[in-house]
>>> print(open('target.tsv').read())   # TSV, C-alpha atoms
chain	number	residue	atom	x	y	z
Q	135	MET	CA	-29.63	-186.98	-84.71
Q	136	ILE	CA	-26.84	-189.32	-85.74
Q	137	LYS	CA	-24.99	-188.59	-82.51
Q	138	LYS	CA	-28.07	-189.52	-80.47
Q	139	LEU	CA	-28.46	-192.76	-82.40
Q	140	ILE	CA	-24.81	-193.65	-81.78
Q	141	ILE	CA	-25.18	-192.93	-78.06
Q	142	ALA	CA	-28.38	-195.00	-77.92
Q	143	PHE	CA	-26.68	-197.87	-79.74
Q	144	ILE	CA	-23.65	-197.80	-77.44
Q	145	SER	CA	-25.93	-197.66	-74.38
Q	146	LEU	CA	-27.86	-200.68	-75.65
Q	147	VAL	CA	-24.66	-202.65	-76.22
Q	148	VAL	CA	-23.41	-201.78	-72.73
Q	149	LEU	CA	-26.72	-202.84	-71.16
Q	150	LEU	CA	-26.72	-206.08	-73.11
Q	151	PHE	CA	-23.14	-206.84	-72.07
Q	152	ALA	CA	-23.99	-206.04	-68.44
Q	153	PHE	CA	-27.01	-208.36	-68.54
Q	154	ILE	CA	-24.95	-211.22	-69.99
Q	155	LEU	CA	-22.29	-210.67	-67.33
Q	156	LEU	CA	-24.85	-210.51	-64.51
Q	157	SER	CA	-26.65	-213.66	-65.64
Q	158	ASN	CA	-23.38	-215.58	-65.87
Q	159	ILE	CA	-22.39	-214.47	-62.37
Q	160	MET	CA	-25.78	-215.56	-60.99
Q	161	VAL	CA	-25.52	-218.98	-62.64
Q	162	VAL	CA	-21.99	-219.58	-61.36
Q	163	GLN	CA	-22.88	-218.48	-57.84
Q	164	GLY	CA	-25.87	-220.83	-57.85
Q	165	ALA	CA	-23.60	-223.83	-58.32
Q	166	LYS	CA	-20.78	-222.75	-56.02
Q	167	GLY	CA	-19.41	-225.67	-54.00
Q	168	LYS	CA	-21.61	-228.20	-55.78
Q	169	THR	CA	-19.31	-229.49	-58.53
Q	170	PHE	CA	-16.58	-232.05	-57.92
Q	171	SER	CA	-13.70	-233.45	-59.94
Q	172	LYS	CA	-12.48	-236.13	-57.51
Q	173	LEU	CA	-14.34	-239.27	-56.46
Q	174	ASP	CA	-13.27	-238.94	-52.84
Q	175	ASP	CA	-14.94	-235.55	-52.60
Q	176	ILE	CA	-18.36	-236.44	-53.96
Q	177	GLN	CA	-21.25	-238.00	-52.05
Q	178	LYS	CA	-23.25	-240.94	-53.35
Q	179	ASN	CA	-26.56	-240.49	-55.14
Q	180	LYS	CA	-28.78	-243.25	-56.41
Q	181	VAL	CA	-28.94	-241.81	-59.93
Q	182	GLY	CA	-26.37	-240.16	-62.13
Q	183	LEU	CA	-27.87	-237.93	-64.82
Q	184	VAL	CA	-25.67	-237.88	-67.93
Q	185	LEU	CA	-26.30	-234.86	-70.14
Q	186	GLY	CA	-26.25	-235.90	-73.76
Q	187	THR	CA	-24.13	-234.67	-76.62
Q	188	ALA	CA	-23.34	-235.90	-80.11
Q	189	LYS	CA	-21.08	-238.96	-80.39
Q	190	PHE	CA	-19.20	-237.55	-83.38
Q	191	SER	CA	-17.78	-234.09	-84.01
Q	192	THR	CA	-18.22	-232.19	-87.24
Q	193	ASP	CA	-14.94	-233.56	-88.62
Q	194	GLY	CA	-16.19	-237.13	-88.22
Q	195	GLY	CA	-14.05	-238.06	-85.23
Q	196	VAL	CA	-15.37	-239.04	-81.80
Q	197	ASN	CA	-16.57	-236.01	-79.87
Q	198	LEU	CA	-14.30	-235.63	-76.85
Q	199	TYR	CA	-17.14	-234.25	-74.74
Q	200	PHE	CA	-18.97	-237.52	-75.38
Q	201	ALA	CA	-15.96	-239.72	-74.67
Q	202	TYR	CA	-15.06	-237.95	-71.43
Q	203	ARG	CA	-18.65	-238.07	-70.13
Q	204	ILE	CA	-18.66	-241.80	-70.77
Q	205	ASN	CA	-15.44	-242.18	-68.77
Q	206	ALA	CA	-16.78	-240.09	-65.89
Q	207	THR	CA	-20.01	-242.10	-65.72
Q	208	VAL	CA	-18.15	-245.42	-65.64
Q	209	GLU	CA	-15.84	-244.08	-62.94
Q	210	LEU	CA	-18.77	-243.10	-60.74
Q	211	PHE	CA	-20.63	-246.36	-61.26
Q	212	LYS	CA	-17.69	-248.67	-60.71
Q	213	ASN	CA	-16.74	-246.84	-57.52
Q	214	ASN	CA	-20.26	-247.14	-56.09
Q	215	LYS	CA	-21.00	-243.43	-56.26
Q	216	ILE	CA	-24.19	-244.06	-58.28
Q	217	ASP	CA	-26.44	-247.11	-58.64
Q	218	PHE	CA	-28.27	-246.16	-61.84
Q	219	VAL	CA	-27.52	-244.09	-64.92
Q	220	LEU	CA	-30.12	-241.84	-66.51
Q	221	ILE	CA	-29.05	-240.69	-69.97
Q	222	SER	CA	-30.89	-237.63	-71.21
Q	223	GLY	CA	-30.51	-236.26	-74.71
Q	224	ASP	CA	-31.97	-235.59	-78.10
Q	225	ASN	CA	-33.07	-238.20	-80.62
Q	226	GLY	CA	-34.04	-235.94	-83.45
Q	227	SER	CA	-34.04	-238.66	-86.12
Q	228	VAL	CA	-33.36	-242.34	-86.74
Q	229	TYR	CA	-29.80	-241.30	-87.56
Q	230	TYR	CA	-29.24	-239.17	-84.46
Q	231	ASN	CA	-29.93	-240.65	-81.05
Q	232	GLU	CA	-27.83	-239.37	-78.15
Q	233	PRO	CA	-29.28	-241.63	-75.40
Q	234	GLN	CA	-28.79	-244.80	-77.44
Q	235	ASP	CA	-25.23	-243.86	-78.38
Q	236	PHE	CA	-24.36	-243.33	-74.73
Q	237	LYS	CA	-26.08	-246.54	-73.68
Q	238	LYS	CA	-24.15	-248.67	-76.18
Q	239	GLU	CA	-20.82	-247.26	-75.02
Q	240	LEU	CA	-21.65	-247.66	-71.34
Q	241	ILE	CA	-22.64	-251.29	-71.82
Q	242	LYS	CA	-19.37	-251.91	-73.68
Q	243	LYS	CA	-17.55	-250.54	-70.63
Q	244	GLY	CA	-19.30	-252.85	-68.22
Q	245	ILE	CA	-22.38	-251.07	-66.91
Q	246	PRO	CA	-25.32	-253.54	-66.88
Q	247	GLU	CA	-28.18	-252.70	-69.21
Q	248	ASP	CA	-30.74	-252.97	-66.41
Q	249	LYS	CA	-28.97	-250.14	-64.58
Q	250	ILE	CA	-29.41	-247.72	-67.49
Q	251	PHE	CA	-32.49	-245.59	-68.14
Q	252	LEU	CA	-33.02	-243.43	-71.22
Q	253	ASP	CA	-34.71	-240.06	-71.52
Q	254	TYR	CA	-35.35	-239.33	-75.17
Q	255	ALA	CA	-36.91	-235.91	-74.48
Q	256	GLY	CA	-33.83	-234.17	-73.10
Q	257	PHE	CA	-33.99	-231.57	-75.85
Q	258	ARG	CA	-32.08	-229.06	-73.72
Q	259	THR	CA	-30.54	-228.93	-70.28
Q	260	LEU	CA	-33.66	-227.53	-68.60
Q	261	ASP	CA	-35.74	-230.43	-69.93
Q	262	SER	CA	-33.17	-233.00	-68.82
Q	263	VAL	CA	-32.98	-231.67	-65.28
Q	264	VAL	CA	-36.69	-231.18	-64.70
Q	265	ARG	CA	-37.66	-234.51	-66.26
Q	266	ALA	CA	-35.23	-236.31	-63.92
Q	267	LYS	CA	-37.60	-235.23	-61.13
Q	268	GLU	CA	-41.02	-235.05	-62.75
Q	269	VAL	CA	-40.78	-238.15	-64.94
Q	270	PHE	CA	-38.10	-240.31	-63.33
Q	271	GLY	CA	-38.91	-239.47	-59.71
Q	272	GLN	CA	-35.49	-238.23	-58.56
Q	273	GLU	CA	-35.19	-235.32	-56.16
Q	274	SER	CA	-31.46	-235.83	-55.54
Q	275	ILE	CA	-29.13	-236.45	-58.48
Q	276	THR	CA	-25.52	-236.38	-59.58
Q	277	ILE	CA	-25.20	-234.54	-62.89
Q	278	ILE	CA	-22.44	-235.75	-65.19
Q	279	SER	CA	-20.93	-233.43	-67.78
Q	280	GLN	CA	-18.05	-231.01	-68.12
Q	281	GLU	CA	-17.83	-228.46	-65.29
Q	282	PHE	CA	-19.09	-225.49	-67.32
Q	283	HIS	CA	-22.20	-227.47	-68.23
Q	284	ASN	CA	-22.71	-228.86	-64.73
Q	285	VAL	CA	-22.75	-225.32	-63.36
Q	286	ARG	CA	-25.69	-224.34	-65.57
Q	287	ALA	CA	-27.55	-227.58	-64.90
Q	288	ILE	CA	-27.20	-227.16	-61.12
Q	289	TYR	CA	-28.43	-223.58	-61.34
Q	290	LEU	CA	-31.56	-224.87	-63.07
Q	291	ALA	CA	-31.95	-227.73	-60.59
Q	292	ASN	CA	-31.86	-225.30	-57.68
Q	293	HIS	CA	-34.84	-223.43	-59.07
Q	294	PHE	CA	-36.89	-226.61	-59.45
Q	295	ASN	CA	-36.10	-227.81	-55.91
Q	296	ILE	CA	-33.83	-230.64	-57.00
Q	297	GLN	CA	-30.83	-231.45	-54.81
Q	298	ALA	CA	-28.12	-231.65	-57.45
Q	299	ILE	CA	-24.36	-231.99	-57.43
Q	300	GLY	CA	-22.09	-232.29	-60.44
Q	301	PHE	CA	-19.28	-234.70	-61.26
Q	302	ASN	CA	-16.96	-232.99	-63.70
Q	303	ALA	CA	-15.92	-235.03	-66.69
Q	304	GLN	CA	-12.50	-234.25	-68.12
Q	305	ASP	CA	-12.58	-231.00	-70.06
Q	306	VAL	CA	-11.20	-230.46	-73.54
Q	307	SER	CA	-8.43	-228.10	-74.62
Q	308	GLN	CA	-9.22	-224.42	-75.02
Q	309	ARG	CA	-8.66	-224.66	-78.75
Q	310	TYR	CA	-10.94	-227.70	-79.15
Q	311	GLY	CA	-13.72	-226.22	-77.03
Q	312	PHE	CA	-13.47	-222.52	-77.92
Q	313	LYS	CA	-16.80	-222.27	-79.76
Q	314	THR	CA	-18.57	-224.27	-77.06
Q	315	ARG	CA	-17.21	-221.99	-74.34
Q	316	VAL	CA	-18.39	-218.89	-76.19
Q	317	ARG	CA	-21.85	-220.39	-76.68
Q	318	GLU	CA	-21.99	-221.26	-72.99
Q	319	TYR	CA	-22.02	-217.58	-71.99
Q	320	PHE	CA	-25.21	-217.13	-74.00
Q	321	ALA	CA	-26.63	-220.48	-72.83
Q	322	ARG	CA	-26.30	-219.31	-69.22
Q	323	THR	CA	-28.04	-216.07	-70.11
Q	324	LYS	CA	-30.83	-218.09	-71.74
Q	325	ALA	CA	-31.13	-220.25	-68.60
Q	326	PHE	CA	-31.36	-217.10	-66.48
Q	327	ILE	CA	-34.11	-215.73	-68.73
Q	328	ASP	CA	-35.96	-219.07	-68.68
Q	329	ILE	CA	-36.06	-218.95	-64.88
Q	330	LEU	CA	-37.24	-215.34	-64.91
Q	331	PHE	CA	-40.13	-216.20	-67.21
Q	332	GLY	CA	-41.01	-219.58	-65.69
Q	333	VAL	CA	-40.22	-221.67	-68.76
Q	334	GLU	CA	-41.14	-225.35	-68.41
Q	335	PRO	CA	-39.97	-228.47	-70.31
Q	336	LYS	CA	-41.39	-228.98	-73.78
Q	337	PHE	CA	-42.71	-232.42	-72.85
Q	338	LEU	CA	-43.19	-234.50	-69.69
Q	339	GLY	CA	-45.29	-237.63	-70.27
Q	340	ASP	CA	-45.77	-240.78	-68.21
Q	341	SER	CA	-43.72	-241.48	-65.09
Q	342	ILE	CA	-40.85	-243.96	-65.20
Q	343	ILE	CA	-39.72	-244.23	-61.58
Q	344	ILE	CA	-36.12	-245.38	-61.05
Q	345	GLU	CA	-35.93	-247.57	-57.93
>>> encode(input="target.tsv", output="structure tokens")
Amino acid sequence: MIKKLIIAFISLVVLLFAFILLSNIMVVQGAKGKTFSKLDDIQKNKVGLVLGTAKFSTDGGVNLYFAYRINATVELFKNNKIDFVLISGDNGSVYYNEPQDFKKELIKKGIPEDKIFLDYAGFRTLDSVVRAKEVFGQESITIISQEFHNVRAIYLANHFNIQAIGFNAQDVSQRYGFKTRVREYFARTKAFIDILFGVEPKFLGDSIIIE
């Protein structure tokens, strides 16, 4: 009996590992050839979708993911690769507001306020991507985040018939981003499952067309 339980447990672990591996492969393949790290290689889109993250890390310092996404957005805008910036993130409380934090930094770096739009209901990547189309009227976008995140976002965009490419913000060191990288394997599996089961954004709301 114990032997059968051990075999069943091992089989379950192997199947789970295989599913995680398969889902990650599918996500990566879905974004193949659609992420870019150099300005000269990327086409122009009217709107750049910045995927939100916290401004500060747990140790109180500036979150490097945040800082590098800011730099990438400014680089695209100032080189005429995007005309507008759509910032999508979470604003869970009056003390935590990803879109506003990004907006303030982008304005400081010279992007005009009237070129910035905020999506306060980007609770997760799926919501951010789908709302760019369904709420903000964009069927072709440039997604701005680190490459590992862009890959997942593009995979989701493909499913919802959004023409998406990704501009890769500078990545962080392996040591700094180790936990994030580990979580990403499971985030890609979750994205794969969401597509399988037809999961939709938590909230849409009124249209705010960017034009």
>>> closest_residue(input="target.tsv", among="Q:Phe312, Q:Phe282, Q:Tyr254, Q:Tyr319", to="Leu155 in chain Q", atoms="only C-alpha atoms")
Q:Tyr319
>>> atom_distance(input="target.tsv", atom1="CA of Ser157 in chain Q", atom2="CA of Val263 in chain Q")
19.1 Å
>>> closest_atom_pairs(input="target.tsv", of="range 216-253 of chain Q", to="range 323-345 of chain Q", cutoff="10 Å", atoms="only C-alpha atoms", output="Markdown table")
| residue | atom | partner | partner_atom | distance |
| --- | --- | --- | --- | --- |
| Q:Asp217 | CA | Q:Glu345 | CA | 9.5 |
| Q:Phe218 | CA | Q:Ile344 | CA | 7.9 |
| Q:Val219 | CA | Q:Ile344 | CA | 9.5 |
| Q:Leu220 | CA | Q:Ile344 | CA | 8.9 |
| Q:Lys249 | CA | Q:Ile344 | CA | 9.3 |
| Q:Ile250 | CA | Q:Ile344 | CA | 9.6 |
| Q:Phe251 | CA | Q:Ile344 | CA | 8.0 |
| Q:Leu252 | CA | Q:Ile342 | CA | 9.9 |
| Q:Asp253 | CA | Q:Ile342 | CA | 9.6 |
>>> closest_residue(input="target.tsv", among="Q:Ala152, Q:Ile296, Q:Leu198, Q:Ile141", to="Glu273 in chain Q", atoms="only C-alpha atoms")
Q:Ile296
>>> closest_residue(input="target.tsv", among="Q:His283, Q:Lys267, Q:Arg317, Q:Lys138", to="Asn295 in chain Q", atoms="only C-alpha atoms")
Q:Lys267
>>> decode(input="target.tsv", residues="range 316-330 of chain Q", atoms="all heavy atoms", output="PDB file, in the first residue's frame")
ATOM      1  N   VAL Q 316      11.765  32.758 -10.446  1.00  0.00           N
ATOM      2  CA  VAL Q 316      11.122  31.511 -10.033  1.00  0.00           C
ATOM      3  C   VAL Q 316       9.603  31.654 -10.126  1.00  0.00           C
ATOM      4  O   VAL Q 316       8.904  30.770 -10.654  1.00  0.00           O
ATOM      5  CB  VAL Q 316      11.539  31.128  -8.594  1.00  0.00           C
ATOM      6  CG1 VAL Q 316      10.713  29.942  -8.094  1.00  0.00           C
ATOM      7  CG2 VAL Q 316      13.024  30.783  -8.552  1.00  0.00           C
ATOM      8  N   ARG Q 317       9.087  32.766  -9.633  1.00  0.00           N
ATOM      9  CA  ARG Q 317       7.634  32.999  -9.697  1.00  0.00           C
ATOM     10  C   ARG Q 317       7.136  33.042 -11.133  1.00  0.00           C
ATOM     11  O   ARG Q 317       5.999  32.660 -11.425  1.00  0.00           O
ATOM     12  CB  ARG Q 317       7.275  34.306  -8.983  1.00  0.00           C
ATOM     13  CG  ARG Q 317       7.345  34.235  -7.472  1.00  0.00           C
ATOM     14  CD  ARG Q 317       6.577  35.390  -6.837  1.00  0.00           C
ATOM     15  NE  ARG Q 317       7.106  36.683  -7.262  1.00  0.00           N
ATOM     16  CZ  ARG Q 317       8.037  37.364  -6.600  1.00  0.00           C
ATOM     17  NH1 ARG Q 317       8.549  36.865  -5.482  1.00  0.00           N
ATOM     18  NH2 ARG Q 317       8.459  38.535  -7.034  1.00  0.00           N
ATOM     19  N   GLU Q 318       7.988  33.517 -12.044  1.00  0.00           N
ATOM     20  CA  GLU Q 318       7.575  33.655 -13.435  1.00  0.00           C
ATOM     21  C   GLU Q 318       7.230  32.309 -14.063  1.00  0.00           C
ATOM     22  O   GLU Q 318       6.314  32.222 -14.888  1.00  0.00           O
ATOM     23  CB  GLU Q 318       8.667  34.358 -14.248  1.00  0.00           C
ATOM     24  CG  GLU Q 318       8.313  34.600 -15.707  1.00  0.00           C
ATOM     25  CD  GLU Q 318       7.100  35.488 -15.900  1.00  0.00           C
ATOM     26  OE1 GLU Q 318       6.772  36.289 -14.996  1.00  0.00           O
ATOM     27  OE2 GLU Q 318       6.466  35.384 -16.972  1.00  0.00           O
ATOM     28  N   TYR Q 319       7.930  31.258 -13.695  1.00  0.00           N
ATOM     29  CA  TYR Q 319       7.603  29.928 -14.226  1.00  0.00           C
ATOM     30  C   TYR Q 319       6.158  29.560 -13.899  1.00  0.00           C
ATOM     31  O   TYR Q 319       5.427  29.031 -14.745  1.00  0.00           O
ATOM     32  CB  TYR Q 319       8.551  28.878 -13.646  1.00  0.00           C
ATOM     33  CG  TYR Q 319       9.914  28.873 -14.281  1.00  0.00           C
ATOM     34  CD1 TYR Q 319      11.003  29.430 -13.614  1.00  0.00           C
ATOM     35  CD2 TYR Q 319      10.121  28.321 -15.544  1.00  0.00           C
ATOM     36  CE1 TYR Q 319      12.270  29.436 -14.195  1.00  0.00           C
ATOM     37  CE2 TYR Q 319      11.377  28.317 -16.125  1.00  0.00           C
ATOM     38  CZ  TYR Q 319      12.446  28.880 -15.450  1.00  0.00           C
ATOM     39  OH  TYR Q 319      13.691  28.890 -16.027  1.00  0.00           O
ATOM     40  N   PHE Q 320       5.738  29.878 -12.683  1.00  0.00           N
ATOM     41  CA  PHE Q 320       4.374  29.560 -12.271  1.00  0.00           C
ATOM     42  C   PHE Q 320       3.374  30.567 -12.847  1.00  0.00           C
ATOM     43  O   PHE Q 320       2.236  30.208 -13.140  1.00  0.00           O
ATOM     44  CB  PHE Q 320       4.300  29.523 -10.746  1.00  0.00           C
ATOM     45  CG  PHE Q 320       5.153  28.444 -10.146  1.00  0.00           C
ATOM     46  CD1 PHE Q 320       6.409  28.724  -9.633  1.00  0.00           C
ATOM     47  CD2 PHE Q 320       4.714  27.123 -10.126  1.00  0.00           C
ATOM     48  CE1 PHE Q 320       7.203  27.723  -9.097  1.00  0.00           C
ATOM     49  CE2 PHE Q 320       5.507  26.108  -9.594  1.00  0.00           C
ATOM     50  CZ  PHE Q 320       6.752  26.418  -9.083  1.00  0.00           C
ATOM     51  N   ALA Q 321       3.816  31.810 -13.041  1.00  0.00           N
ATOM     52  CA  ALA Q 321       2.946  32.818 -13.650  1.00  0.00           C
ATOM     53  C   ALA Q 321       2.627  32.446 -15.097  1.00  0.00           C
ATOM     54  O   ALA Q 321       1.502  32.649 -15.571  1.00  0.00           O
ATOM     55  CB  ALA Q 321       3.612  34.191 -13.596  1.00  0.00           C
ATOM     56  N   ARG Q 322       3.610  31.898 -15.801  1.00  0.00           N
ATOM     57  CA  ARG Q 322       3.367  31.458 -17.182  1.00  0.00           C
ATOM     58  C   ARG Q 322       2.411  30.271 -17.203  1.00  0.00           C
ATOM     59  O   ARG Q 322       1.543  30.182 -18.083  1.00  0.00           O
ATOM     60  CB  ARG Q 322       4.693  31.095 -17.853  1.00  0.00           C
ATOM     61  CG  ARG Q 322       5.556  32.303 -18.152  1.00  0.00           C
ATOM     62  CD  ARG Q 322       6.901  31.899 -18.738  1.00  0.00           C
ATOM     63  NE  ARG Q 322       7.713  33.075 -19.032  1.00  0.00           N
ATOM     64  CZ  ARG Q 322       8.958  33.029 -19.488  1.00  0.00           C
ATOM     65  NH1 ARG Q 322       9.538  31.852 -19.702  1.00  0.00           N
ATOM     66  NH2 ARG Q 322       9.626  34.138 -19.736  1.00  0.00           N
ATOM     67  N   THR Q 323       2.558  29.379 -16.242  1.00  0.00           N
ATOM     68  CA  THR Q 323       1.632  28.249 -16.155  1.00  0.00           C
ATOM     69  C   THR Q 323       0.221  28.750 -15.882  1.00  0.00           C
ATOM     70  O   THR Q 323      -0.754  28.261 -16.470  1.00  0.00           O
ATOM     71  CB  THR Q 323       2.075  27.277 -15.044  1.00  0.00           C
ATOM     72  OG1 THR Q 323       3.392  26.806 -15.342  1.00  0.00           O
ATOM     73  CG2 THR Q 323       1.134  26.095 -14.947  1.00  0.00           C
ATOM     74  N   LYS Q 324       0.111  29.743 -15.005  1.00  0.00           N
ATOM     75  CA  LYS Q 324      -1.205  30.326 -14.702  1.00  0.00           C
ATOM     76  C   LYS Q 324      -1.788  30.985 -15.947  1.00  0.00           C
ATOM     77  O   LYS Q 324      -3.003  30.858 -16.225  1.00  0.00           O
ATOM     78  CB  LYS Q 324      -1.065  31.360 -13.581  1.00  0.00           C
ATOM     79  CG  LYS Q 324      -2.360  32.074 -13.200  1.00  0.00           C
ATOM     80  CD  LYS Q 324      -3.378  31.101 -12.635  1.00  0.00           C
ATOM     81  CE  LYS Q 324      -4.525  31.815 -11.921  1.00  0.00           C
ATOM     82  NZ  LYS Q 324      -5.249  32.759 -12.765  1.00  0.00           N
ATOM     83  N   ALA Q 325      -0.975  31.680 -16.725  1.00  0.00           N
ATOM     84  CA  ALA Q 325      -1.455  32.304 -17.957  1.00  0.00           C
ATOM     85  C   ALA Q 325      -1.952  31.243 -18.934  1.00  0.00           C
ATOM     86  O   ALA Q 325      -2.984  31.418 -19.601  1.00  0.00           O
ATOM     87  CB  ALA Q 325      -0.336  33.132 -18.597  1.00  0.00           C
ATOM     88  N   PHE Q 326      -1.222  30.147 -19.035  1.00  0.00           N
ATOM     89  CA  PHE Q 326      -1.606  29.041 -19.903  1.00  0.00           C
ATOM     90  C   PHE Q 326      -2.958  28.470 -19.478  1.00  0.00           C
ATOM     91  O   PHE Q 326      -3.842  28.224 -20.308  1.00  0.00           O
ATOM     92  CB  PHE Q 326      -0.510  27.969 -19.850  1.00  0.00           C
ATOM     93  CG  PHE Q 326      -0.732  26.809 -20.773  1.00  0.00           C
ATOM     94  CD1 PHE Q 326      -0.464  26.923 -22.125  1.00  0.00           C
ATOM     95  CD2 PHE Q 326      -1.179  25.586 -20.286  1.00  0.00           C
ATOM     96  CE1 PHE Q 326      -0.653  25.840 -22.986  1.00  0.00           C
ATOM     97  CE2 PHE Q 326      -1.369  24.502 -21.132  1.00  0.00           C
ATOM     98  CZ  PHE Q 326      -1.101  24.632 -22.487  1.00  0.00           C
ATOM     99  N   ILE Q 327      -3.139  28.288 -18.180  1.00  0.00           N
ATOM    100  CA  ILE Q 327      -4.401  27.768 -17.647  1.00  0.00           C
ATOM    101  C   ILE Q 327      -5.536  28.766 -17.885  1.00  0.00           C
ATOM    102  O   ILE Q 327      -6.654  28.379 -18.252  1.00  0.00           O
ATOM    103  CB  ILE Q 327      -4.256  27.450 -16.147  1.00  0.00           C
ATOM    104  CG1 ILE Q 327      -3.305  26.271 -15.953  1.00  0.00           C
ATOM    105  CG2 ILE Q 327      -5.613  27.137 -15.516  1.00  0.00           C
ATOM    106  CD1 ILE Q 327      -2.919  26.016 -14.502  1.00  0.00           C
ATOM    107  N   ASP Q 328      -5.256  30.056 -17.692  1.00  0.00           N
ATOM    108  CA  ASP Q 328      -6.275  31.084 -17.922  1.00  0.00           C
ATOM    109  C   ASP Q 328      -6.791  31.038 -19.351  1.00  0.00           C
ATOM    110  O   ASP Q 328      -8.001  31.179 -19.602  1.00  0.00           O
ATOM    111  CB  ASP Q 328      -5.705  32.472 -17.633  1.00  0.00           C
ATOM    112  CG  ASP Q 328      -5.553  32.746 -16.147  1.00  0.00           C
ATOM    113  OD1 ASP Q 328      -6.153  32.005 -15.339  1.00  0.00           O
ATOM    114  OD2 ASP Q 328      -4.828  33.694 -15.782  1.00  0.00           O
ATOM    115  N   ILE Q 329      -5.875  30.837 -20.303  1.00  0.00           N
ATOM    116  CA  ILE Q 329      -6.288  30.748 -21.703  1.00  0.00           C
ATOM    117  C   ILE Q 329      -7.124  29.492 -21.932  1.00  0.00           C
ATOM    118  O   ILE Q 329      -8.147  29.513 -22.624  1.00  0.00           O
ATOM    119  CB  ILE Q 329      -5.054  30.755 -22.632  1.00  0.00           C
ATOM    120  CG1 ILE Q 329      -4.313  32.090 -22.536  1.00  0.00           C
ATOM    121  CG2 ILE Q 329      -5.461  30.466 -24.071  1.00  0.00           C
ATOM    122  CD1 ILE Q 329      -5.139  33.312 -22.858  1.00  0.00           C
ATOM    123  N   LEU Q 330      -6.701  28.392 -21.344  1.00  0.00           N
ATOM    124  CA  LEU Q 330      -7.436  27.135 -21.498  1.00  0.00           C
ATOM    125  C   LEU Q 330      -8.875  27.270 -21.010  1.00  0.00           C
ATOM    126  O   LEU Q 330      -9.800  26.715 -21.621  1.00  0.00           O
ATOM    127  CB  LEU Q 330      -6.738  26.018 -20.713  1.00  0.00           C
ATOM    128  CG  LEU Q 330      -5.485  25.385 -21.322  1.00  0.00           C
ATOM    129  CD1 LEU Q 330      -4.925  24.332 -20.383  1.00  0.00           C
ATOM    130  CD2 LEU Q 330      -5.794  24.753 -22.673  1.00  0.00           C
TER     131      LEU Q 330
END
